[in-house]
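S.K.: What follows is model_11.cif; its format and atoms are mmCIF, C-alpha atoms.
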data_data
loop_
_atom_site.label_atom_id
_atom_site.label_comp_id
_atom_site.auth_asym_id
_atom_site.auth_seq_id
_atom_site.Cartn_x
_atom_site.Cartn_y
_atom_site.Cartn_z
CA MET A 1 -74.27 19.16 10.94
CA THR A 2 -72.91 18.25 7.57
CA ALA A 3 -72.47 20.23 4.41
CA ARG A 4 -75.23 18.12 2.94
CA GLN A 5 -77.71 19.30 5.57
CA ASP A 6 -76.70 22.86 4.89
CA ASP A 7 -77.92 22.27 1.39
CA ILE A 8 -81.26 20.84 2.53
CA LEU A 9 -82.31 23.95 4.46
CA LYS A 10 -80.95 26.26 1.79
CA THR A 11 -82.76 24.22 -0.84
CA ALA A 12 -85.98 24.57 1.17
CA ALA A 13 -85.59 28.36 1.18
CA ALA A 14 -84.67 28.46 -2.52
CA TRP A 15 -87.66 26.33 -3.53
CA ARG A 16 -90.02 28.54 -1.49
CA ASP A 17 -88.49 31.58 -3.21
CA ALA A 18 -89.26 29.92 -6.54
CA GLY A 19 -92.91 29.73 -5.52
CA GLN A 20 -92.99 26.00 -4.77
CA GLN A 21 -94.86 24.35 -1.94
CA VAL A 22 -92.20 22.87 0.35
CA ALA A 23 -92.13 20.37 3.20
CA LEU A 24 -89.27 19.12 5.36
CA ALA A 25 -88.91 15.63 6.81
CA THR A 26 -86.49 15.02 9.70
CA VAL A 27 -85.42 11.82 11.44
CA ILE A 28 -86.14 12.51 15.12
CA THR A 29 -85.61 9.13 16.79
CA THR A 30 -83.98 5.87 15.77
CA TRP A 31 -83.70 2.44 17.33
CA GLY A 32 -81.63 -0.47 16.17
CA SER A 33 -79.77 -0.38 12.90
CA SER A 34 -81.44 2.58 11.29
CA PRO A 35 -79.53 3.64 8.19
CA ARG A 36 -79.66 7.41 8.71
CA PRO A 37 -78.84 9.22 11.97
CA VAL A 38 -81.11 11.49 13.99
CA GLY A 39 -81.27 14.90 12.33
CA SER A 40 -81.10 13.59 8.76
CA GLN A 41 -83.38 15.59 6.49
CA LEU A 42 -85.27 15.48 3.25
CA VAL A 43 -86.86 18.41 1.45
CA VAL A 44 -89.86 17.84 -0.86
CA ASP A 45 -91.64 20.17 -3.26
CA GLY A 46 -95.29 20.13 -4.35
CA GLU A 47 -94.47 18.07 -7.42
CA GLY A 48 -92.73 15.31 -5.49
CA HIS A 49 -89.16 16.35 -6.24
CA PHE A 50 -86.91 15.76 -3.27
CA GLU A 51 -83.35 16.11 -2.03
CA GLY A 52 -81.65 14.47 0.93
CA SER A 53 -82.59 11.22 2.63
CA VAL A 54 -84.13 9.89 5.81
CA SER A 55 -83.56 6.18 5.31
CA GLY A 56 -81.28 5.40 2.44
CA GLY A 57 -84.26 4.79 0.19
CA CYS A 58 -86.67 2.37 1.84
CA ILE A 59 -89.27 4.76 3.33
CA GLU A 60 -88.84 7.84 1.17
CA GLY A 61 -91.99 7.11 -0.84
CA ALA A 62 -94.21 7.09 2.24
CA VAL A 63 -92.48 10.19 3.62
CA ILE A 64 -93.07 12.13 0.39
CA GLU A 65 -96.74 11.15 0.50
CA ALA A 66 -96.99 12.45 4.08
CA ALA A 67 -95.14 15.60 3.02
CA ASN A 68 -97.84 16.26 0.43
CA GLY A 69 -100.45 15.87 3.16
CA ALA A 70 -98.59 18.36 5.37
CA MET A 71 -98.38 20.86 2.50
CA GLU A 72 -102.15 20.65 1.99
CA SER A 73 -103.22 20.71 5.63
CA GLY A 74 -100.43 22.86 7.05
CA LYS A 75 -100.29 20.42 9.97
CA PRO A 76 -97.14 18.58 10.98
CA ALA A 77 -97.11 14.79 11.25
CA ILE A 78 -95.00 12.11 12.85
CA LEU A 79 -94.42 8.93 10.88
CA GLU A 80 -93.16 5.76 12.48
CA PHE A 81 -91.51 2.95 10.61
CA GLY A 82 -90.16 -0.22 12.11
CA VAL A 83 -90.26 -3.95 12.30
CA SER A 84 -93.40 -3.87 14.44
CA ASP A 85 -95.20 -1.70 11.93
CA GLU A 86 -97.18 -3.33 9.10
CA GLN A 87 -96.55 -0.34 6.88
CA ALA A 88 -92.83 -0.66 7.33
CA TRP A 89 -92.93 -4.08 5.75
CA GLU A 90 -95.03 -2.76 2.94
CA VAL A 91 -92.58 0.03 2.18
CA GLY A 92 -89.67 -2.27 2.83
CA LEU A 93 -87.67 -1.09 5.83
CA ALA A 94 -85.43 -4.08 5.40
CA CYS A 95 -82.70 -2.67 7.59
CA GLY A 96 -84.23 -4.02 10.81
CA GLY A 97 -84.34 -0.58 12.36
CA ASN A 98 -87.06 1.69 13.64
CA VAL A 99 -87.34 5.39 12.86
CA GLN A 100 -89.61 8.30 13.68
CA VAL A 101 -89.81 11.01 11.02
CA TYR A 102 -91.21 14.48 11.64
CA VAL A 103 -92.84 16.04 8.59
CA GLU A 104 -93.67 19.75 8.43
CA LYS A 105 -94.69 22.32 5.88
CA VAL A 106 -92.40 25.28 5.22
CA GLU A 107 -94.73 28.30 5.24
CA MET B 1 -91.73 25.83 9.89
CA LYS B 2 -92.33 29.52 9.53
CA ARG B 3 -90.41 31.09 6.69
CA GLY B 4 -88.84 33.71 8.96
CA MET B 5 -87.50 30.98 11.22
CA LEU B 6 -85.98 29.08 8.30
CA ASP B 7 -84.28 32.27 7.09
CA ARG B 8 -82.94 33.06 10.55
CA LEU B 9 -81.68 29.49 10.95
CA ASN B 10 -79.95 29.64 7.57
CA ALA B 11 -78.40 33.01 8.49
CA ASP B 12 -77.13 31.63 11.82
CA ARG B 13 -75.57 28.69 10.03
CA GLU B 14 -73.99 30.99 7.49
CA ASN B 15 -72.54 33.07 10.35
CA LYS B 16 -71.29 29.89 12.10
CA ARG B 17 -73.39 30.67 15.17
CA PRO B 18 -74.28 27.54 17.17
CA VAL B 19 -78.07 27.20 17.41
CA ALA B 20 -80.61 24.51 18.28
CA LEU B 21 -84.00 24.39 16.56
CA VAL B 22 -86.58 23.03 19.00
CA SER B 23 -89.83 21.74 17.45
CA GLU B 24 -92.88 20.80 19.49
CA THR B 25 -93.94 17.97 17.23
CA GLY B 26 -97.66 18.03 18.07
CA ALA B 27 -98.57 21.57 17.02
CA GLY B 28 -95.37 22.30 15.09
CA SER B 29 -94.40 25.40 17.09
CA GLN B 30 -90.68 26.13 17.04
CA THR B 31 -87.95 27.97 18.93
CA LEU B 32 -84.32 28.79 18.19
CA VAL B 33 -82.13 28.35 21.27
CA TYR B 34 -78.63 29.82 21.50
CA GLU B 35 -75.74 29.02 23.82
CA ASP B 36 -76.20 32.25 25.74
CA GLU B 37 -79.51 33.34 27.28
CA GLN B 38 -81.07 34.12 23.93
CA THR B 39 -83.99 32.41 22.27
CA SER B 40 -86.28 33.28 19.38
CA GLY B 41 -89.79 31.96 18.79
CA GLU B 42 -92.25 30.16 21.06
CA GLU B 43 -91.62 30.03 24.78
CA LEU B 44 -90.26 26.69 26.02
CA PRO B 45 -90.40 24.92 29.39
CA GLN B 46 -87.23 25.67 31.38
CA GLU B 47 -86.22 22.03 31.35
CA VAL B 48 -86.43 21.80 27.56
CA LEU B 49 -84.33 24.97 27.29
CA SER B 50 -81.64 23.38 29.45
CA GLN B 51 -81.81 20.19 27.39
CA ALA B 52 -81.41 22.22 24.19
CA ARG B 53 -78.30 23.95 25.55
CA ALA B 54 -76.88 20.61 26.70
CA ALA B 55 -77.57 19.18 23.24
CA LEU B 56 -75.61 22.09 21.71
CA ALA B 57 -72.68 21.42 24.04
CA ASN B 58 -72.78 17.68 23.35
CA ASP B 59 -73.23 18.24 19.62
CA ARG B 60 -76.12 15.80 19.59
CA SER B 61 -79.68 16.18 18.30
CA GLU B 62 -82.39 14.37 20.27
CA ALA B 63 -86.09 14.03 20.99
CA VAL B 64 -87.27 14.75 24.55
CA GLU B 65 -90.62 14.69 26.35
CA ASN B 66 -91.93 17.30 28.71
CA GLY B 67 -95.42 17.81 30.12
CA GLY B 68 -96.92 15.22 27.77
CA LYS B 69 -95.46 16.89 24.70
CA GLN B 70 -92.65 15.71 22.47
CA TYR B 71 -89.92 18.11 21.46
CA PHE B 72 -87.25 17.51 18.87
CA ILE B 73 -84.00 19.37 19.49
CA GLN B 74 -81.98 19.70 16.30
CA VAL B 75 -78.44 20.91 16.83
CA HIS B 76 -76.95 23.13 14.15
CA ASN B 77 -73.35 23.60 15.21
CA PRO B 78 -70.80 25.06 12.83
CA PRO B 79 -68.40 22.47 11.44
CA LEU B 80 -65.43 21.34 13.48
CA ARG B 81 -62.18 22.37 11.83
CA LEU B 82 -58.60 21.26 12.19
CA PHE B 83 -55.70 23.20 10.69
CA ILE B 84 -52.48 21.22 10.49
CA ILE B 85 -49.35 23.29 9.93
CA GLY B 86 -46.78 21.15 8.14
CA ALA B 87 -47.41 18.50 5.49
CA VAL B 88 -45.07 16.05 7.23
CA HIS B 89 -45.24 12.30 7.77
CA ILE B 90 -47.50 12.50 10.86
CA THR B 91 -49.85 14.79 8.95
CA GLN B 92 -51.02 12.00 6.65
CA PRO B 93 -52.59 9.75 9.31
CA LEU B 94 -53.67 12.75 11.42
CA ALA B 95 -55.61 14.26 8.51
CA GLN B 96 -57.34 10.93 7.90
CA ILE B 97 -58.20 10.28 11.55
CA ALA B 98 -59.49 13.83 12.02
CA SER B 99 -61.66 13.52 8.90
CA LEU B 100 -63.16 10.30 10.26
CA ALA B 101 -63.86 12.09 13.56
CA GLY B 102 -65.88 14.71 11.67
CA TYR B 103 -63.38 17.54 11.26
CA GLY B 104 -62.95 19.61 8.14
CA VAL B 105 -59.16 19.39 7.74
CA THR B 106 -56.86 21.93 6.11
CA VAL B 107 -53.16 21.15 5.73
CA ILE B 108 -50.91 24.20 5.39
CA ASP B 109 -47.28 24.09 4.29
CA PRO B 110 -45.57 26.80 2.23
CA ARG B 111 -42.90 24.27 1.21
CA ARG B 112 -44.43 23.08 -2.05
CA ALA B 113 -42.47 19.85 -2.15
CA PHE B 114 -44.21 18.78 1.08
CA ALA B 115 -47.67 20.13 0.36
CA ASP B 116 -48.31 17.81 -2.55
CA SER B 117 -52.06 17.26 -2.60
CA GLU B 118 -51.57 13.73 -3.96
CA ARG B 119 -50.25 12.77 -0.53
CA PHE B 120 -53.50 13.99 1.04
CA PRO B 121 -56.42 12.64 -0.96
CA GLY B 122 -59.67 14.42 -0.16
CA ILE B 123 -57.99 16.93 2.14
CA GLU B 124 -57.67 20.67 1.51
CA VAL B 125 -53.99 21.55 1.09
CA SER B 126 -52.64 25.10 1.04
CA THR B 127 -49.13 26.25 0.11
CA GLU B 128 -49.66 29.74 1.49
CA TRP B 129 -48.11 30.97 4.73
CA PRO B 130 -50.06 29.77 7.78
CA ASP B 131 -50.75 33.24 9.18
CA ASP B 132 -52.30 34.29 5.84
CA VAL B 133 -54.58 31.25 5.71
CA LEU B 134 -55.53 31.44 9.39
CA GLY B 135 -56.15 35.17 9.20
CA ARG B 136 -58.77 34.59 6.52
CA ALA B 137 -60.26 31.47 8.11
CA ALA B 138 -61.31 33.24 11.34
CA PRO B 139 -60.61 30.31 13.70
CA ASP B 140 -63.43 29.95 16.23
CA ARG B 141 -64.34 27.88 19.30
CA ARG B 142 -64.86 24.81 17.12
CA THR B 143 -61.39 25.02 15.60
CA ALA B 144 -58.23 23.12 16.58
CA ILE B 145 -54.70 23.84 15.39
CA VAL B 146 -51.65 21.61 15.37
CA THR B 147 -48.18 22.69 14.26
CA LEU B 148 -45.92 19.88 13.09
CA THR B 149 -43.01 21.38 11.13
CA HIS B 150 -40.55 22.01 14.03
CA ASP B 151 -39.48 24.96 11.89
CA PRO B 152 -39.93 28.27 13.73
CA LYS B 153 -40.20 30.12 10.41
CA ILE B 154 -43.40 28.21 9.67
CA ASP B 155 -44.79 27.18 13.09
CA ASP B 156 -44.28 30.47 14.92
CA PRO B 157 -46.31 32.73 12.59
CA ALA B 158 -49.18 30.23 12.86
CA LEU B 159 -49.04 30.27 16.67
CA GLU B 160 -48.71 34.05 16.79
CA SER B 161 -51.81 34.45 14.64
CA ILE B 162 -54.04 32.25 16.81
CA LEU B 163 -52.83 32.59 20.42
CA ALA B 164 -55.33 35.37 21.05
CA SER B 165 -58.20 33.54 19.31
CA GLU B 166 -60.95 31.34 20.80
CA VAL B 167 -59.71 28.05 19.29
CA PHE B 168 -60.34 25.13 21.66
CA TYR B 169 -57.03 23.36 21.06
CA ILE B 170 -53.48 24.34 20.12
CA GLY B 171 -50.79 21.65 19.89
CA SER B 172 -47.16 21.91 18.81
CA LEU B 173 -44.85 19.05 17.94
CA GLY B 174 -41.42 19.12 19.52
CA SER B 175 -39.48 17.85 22.52
CA ASN B 176 -39.58 19.61 25.88
CA ARG B 177 -36.40 21.41 24.87
CA THR B 178 -37.80 22.53 21.49
CA HIS B 179 -41.01 23.62 23.17
CA GLY B 180 -39.07 25.54 25.83
CA LYS B 181 -37.23 27.50 23.15
CA ARG B 182 -40.53 28.12 21.36
CA LEU B 183 -42.03 29.59 24.53
CA VAL B 184 -39.02 31.88 24.99
CA ARG B 185 -39.43 33.20 21.44
CA LEU B 186 -43.16 33.80 21.90
CA HIS B 187 -42.64 35.57 25.23
CA GLU B 188 -40.00 37.79 23.60
CA LYS B 189 -42.67 38.72 21.05
CA GLY B 190 -44.89 39.88 23.90
CA PHE B 191 -47.22 36.92 24.42
CA SER B 192 -48.17 36.25 28.02
CA GLU B 193 -47.58 32.98 29.86
CA GLN B 194 -51.33 32.62 30.11
CA GLN B 195 -51.57 32.72 26.31
CA THR B 196 -48.64 30.39 25.63
CA GLY B 197 -49.89 28.07 28.40
CA ARG B 198 -52.70 27.12 26.02
CA ILE B 199 -50.21 25.35 23.75
CA HIS B 200 -50.08 21.59 24.28
CA GLY B 201 -46.39 20.80 23.93
CA PRO B 202 -45.01 18.24 23.54
CA VAL B 203 -48.14 17.50 21.53
CA GLY B 204 -50.48 14.56 22.16
CA LEU B 205 -51.48 12.38 25.08
CA ASN B 206 -48.61 10.43 26.59
CA ILE B 207 -49.43 6.92 25.38
CA GLY B 208 -45.92 5.96 24.35
CA ALA B 209 -46.65 6.62 20.68
CA LYS B 210 -43.73 5.90 18.33
CA SER B 211 -44.85 5.59 14.72
CA PRO B 212 -46.42 8.51 12.81
CA ALA B 213 -49.84 6.85 12.96
CA GLU B 214 -49.55 6.30 16.72
CA ILE B 215 -48.49 9.90 17.26
CA ALA B 216 -51.47 10.99 15.15
CA ILE B 217 -53.73 8.92 17.42
CA SER B 218 -52.23 10.53 20.54
CA ILE B 219 -52.80 14.00 19.05
CA MET B 220 -56.38 13.21 18.03
CA ALA B 221 -57.03 11.78 21.50
CA GLU B 222 -55.79 15.02 23.09
CA ILE B 223 -57.95 17.12 20.74
CA THR B 224 -60.96 14.94 21.62
CA GLU B 225 -60.24 15.35 25.33
CA ALA B 226 -59.98 19.13 24.97
CA ARG B 227 -63.30 19.27 23.16
CA ARG B 228 -65.35 16.76 25.12
CA MET B 229 -64.04 17.39 28.62
CA ALA B 230 -64.63 21.14 28.22
CA ALA B 231 -68.22 20.43 27.13
CA ALA B 232 -68.72 18.08 30.07
CA SER B 233 -67.58 20.76 32.53
CA GLY B 234 -69.97 23.32 31.05
CA GLY B 235 -67.69 25.11 28.59
CA ALA B 236 -67.97 25.22 24.81
#
Turn the structure described in the file into structure tokens.

M.R.:
Amino acid sequence: MTARQDDILKTAAAWRDAGQQVALATVITTWGSSPRPVGSQLVVDGEGHFEGSVSGGCIEGAVIEAANGAMESGKPAILEFGVSDEQAWEVGLACGGNVQVYVEKVE
Amino acid sequence: MKRGMLDRLNADRENKRPVALVSETGAGSQTLVYEDEQTSGEELPQEVLSQARAALANDRSEAVENGGKQYFIQVHNPPLRLFIIGAVHITQPLAQIASLAGYGVTVIDPRRAFADSERFPGIEVSTEWPDDVLGRAAPDRRTAIVTLTHDPKIDDPALESILASEVFYIGSLGSNRTHGKRLVRLHEKGFSEQQTGRIHGPVGLNIGAKSPAEIAISIMAEITEARRMAAASGGA
């Protein structure tokens, strides 16, 4: 809904046009004090470049890894990060929130 | 996401057409849902379709479940816009409050001494005539307009240019007497009572506002009411 998100989807199209592999990550649910609202997006290319954010920095690394997986397999994935999730501690979701991120390849 | 769907979504956004992208998060199949009966892409359960249209009206993306599947409804509504005619004292707090509420704000005042952009940090300020700016801006159903100059030379052309448009809110500063005279002028120009009846005048909810900031709050409250109450009753 923001100008910034405009850029994410346009960037996804532009990167595909440039011949890059592209995946999109979108925050689909949040609980507690999650730093980015539902609908926030991140676009990733096959070399790990990205624009946008889904967490303000703490889970982006794991999301980019999953995005690479989605580019290879063509299958979407849902990632969950939160205080009850071991992985969240590892990647440092220090904000005390809980988020679900949908990751999909742009064909 | 299929490339064709991304392109169509980007085109809809470019054309300021409200659309919801619904993703079934298991298989990744997707559908574009519009406010009217139209959809594009995979077929969706009727309930999810209704939820997507409600999400568009409420301006709120959300995940829903249906038949054991999870769907994510992402709302892509065009930006909310507020045009304020008159770079007067009330305009300063109103522009700030509207920006906080998510509106793209444009302040229009052909009197250059008023329309000093230093008084409106971060806000678009135009010194052109309001009807010229509004004519180009194509005000739509997600646009609100407030006239604040009291000066018929500036306020009236703005009102005349948008009374026939789909904007969801029109407000005009001025006492009952000032507003009465304004209506007479507009009717003499051929506007119908139905059209001029859309103008909120005196502007703002009646909360006893006195200071410029309080008046700005009463105006923003009335704009919010116009937007949210219409959505709640099934309108845009």

S.K.: Applying 12 Å and all atoms listed in the file, which residues near B:Asn15 remain after dropping the ones on its own chain fewer than 2 positions away? List them as a list in words.

M.R.: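 Once the nearby chain positions are removed, what remains is Arg8, Leu9, Asn10, Ala11, Asp12, Arg13, Arg17, Pro18, Val19, His76, Asn77, Pro78, Pro79, Ala138 and Asp140 of chain B.
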
S.K.: How many Å separate atom CA of A:Ile59 from atom CA of B:Phe72?

M.R.: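 Interatomic distance, atom CA of A:Ile59 to atom CA of B:Phe72: 20.2 Å.
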
S.K.: Based on only C-alpha atoms, which of the residues in chain B come within 6 Å of chain A? I want them as number ranges by chain.

M.R.: B: 1-3, 28, 76

S.K.: What does the PyMOL selection byres ((chain B and resi 155) around 10) select in this file, as a PyMOL selection string?

M.R.: chain B and resi 85-86+109+129-131+146-154+156-160+172-173+182

S.K.: At a cut-off of 10 Å from (-54.7, 14.7, -0.1) in the coordinates of the file, what residues are picked up using all atoms listed in the file, written as a VMD selection string?

M.R.: chain B and resid 87 92 95 to 96 106 to 107 115 to 125

S.K.: Please, what distance in Å, to one decimal, runs between atom CA of B:Ile199 and atom CA of B:Val167?

M.R.: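 Distance reported for this atom pair: 10.8 Å.
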
S.K.: What's the separation between atom CA of B:Val75 and atom CA of B:Ala20, in Å to one decimal place?

M.R.: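 Rounded to one decimal, the two atoms are 4.4 Å apart.
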
S.K.: What does the PyMOL selection byres ((chain B and resi 200) around 7) select in this file, as a PDB file with C-alpha atoms, in the coordinates of the input?

M.R.:
ATOM      1  CA  ILE B 170     -53.480  24.340  20.120  1.00  0.00           C
ATOM      2  CA  GLY B 171     -50.790  21.650  19.890  1.00  0.00           C
ATOM      3  CA  SER B 172     -47.160  21.910  18.810  1.00  0.00           C
ATOM      4  CA  ARG B 198     -52.700  27.120  26.020  1.00  0.00           C
ATOM      5  CA  ILE B 199     -50.210  25.350  23.750  1.00  0.00           C
ATOM      6  CA  GLY B 201     -46.390  20.800  23.930  1.00  0.00           C
ATOM      7  CA  PRO B 202     -45.010  18.240  23.540  1.00  0.00           C
ATOM      8  CA  VAL B 203     -48.140  17.500  21.530  1.00  0.00           C
TER       9      VAL B 203
END

S.K.: Given the PyMOL selection byres ((chain A and resi 48-51) around 9) and the file above, list the residues it selects as number ranges by chain.

M.R.: A: 7-8, 11, 41-47, 52-53, 64-65, 67-68

S.K.: If the box runs along x, y and z of the file and leaves 5 Å on each side of stretch 50-54 of chain A, what are its centre and edge lengths in Å, one decimal, as JSON?

M.R.:
{"center_x": -84.3, "center_y": 13.0, "center_z": 1.3, "size_x": 15.3, "size_y": 16.2, "size_z": 19.1}
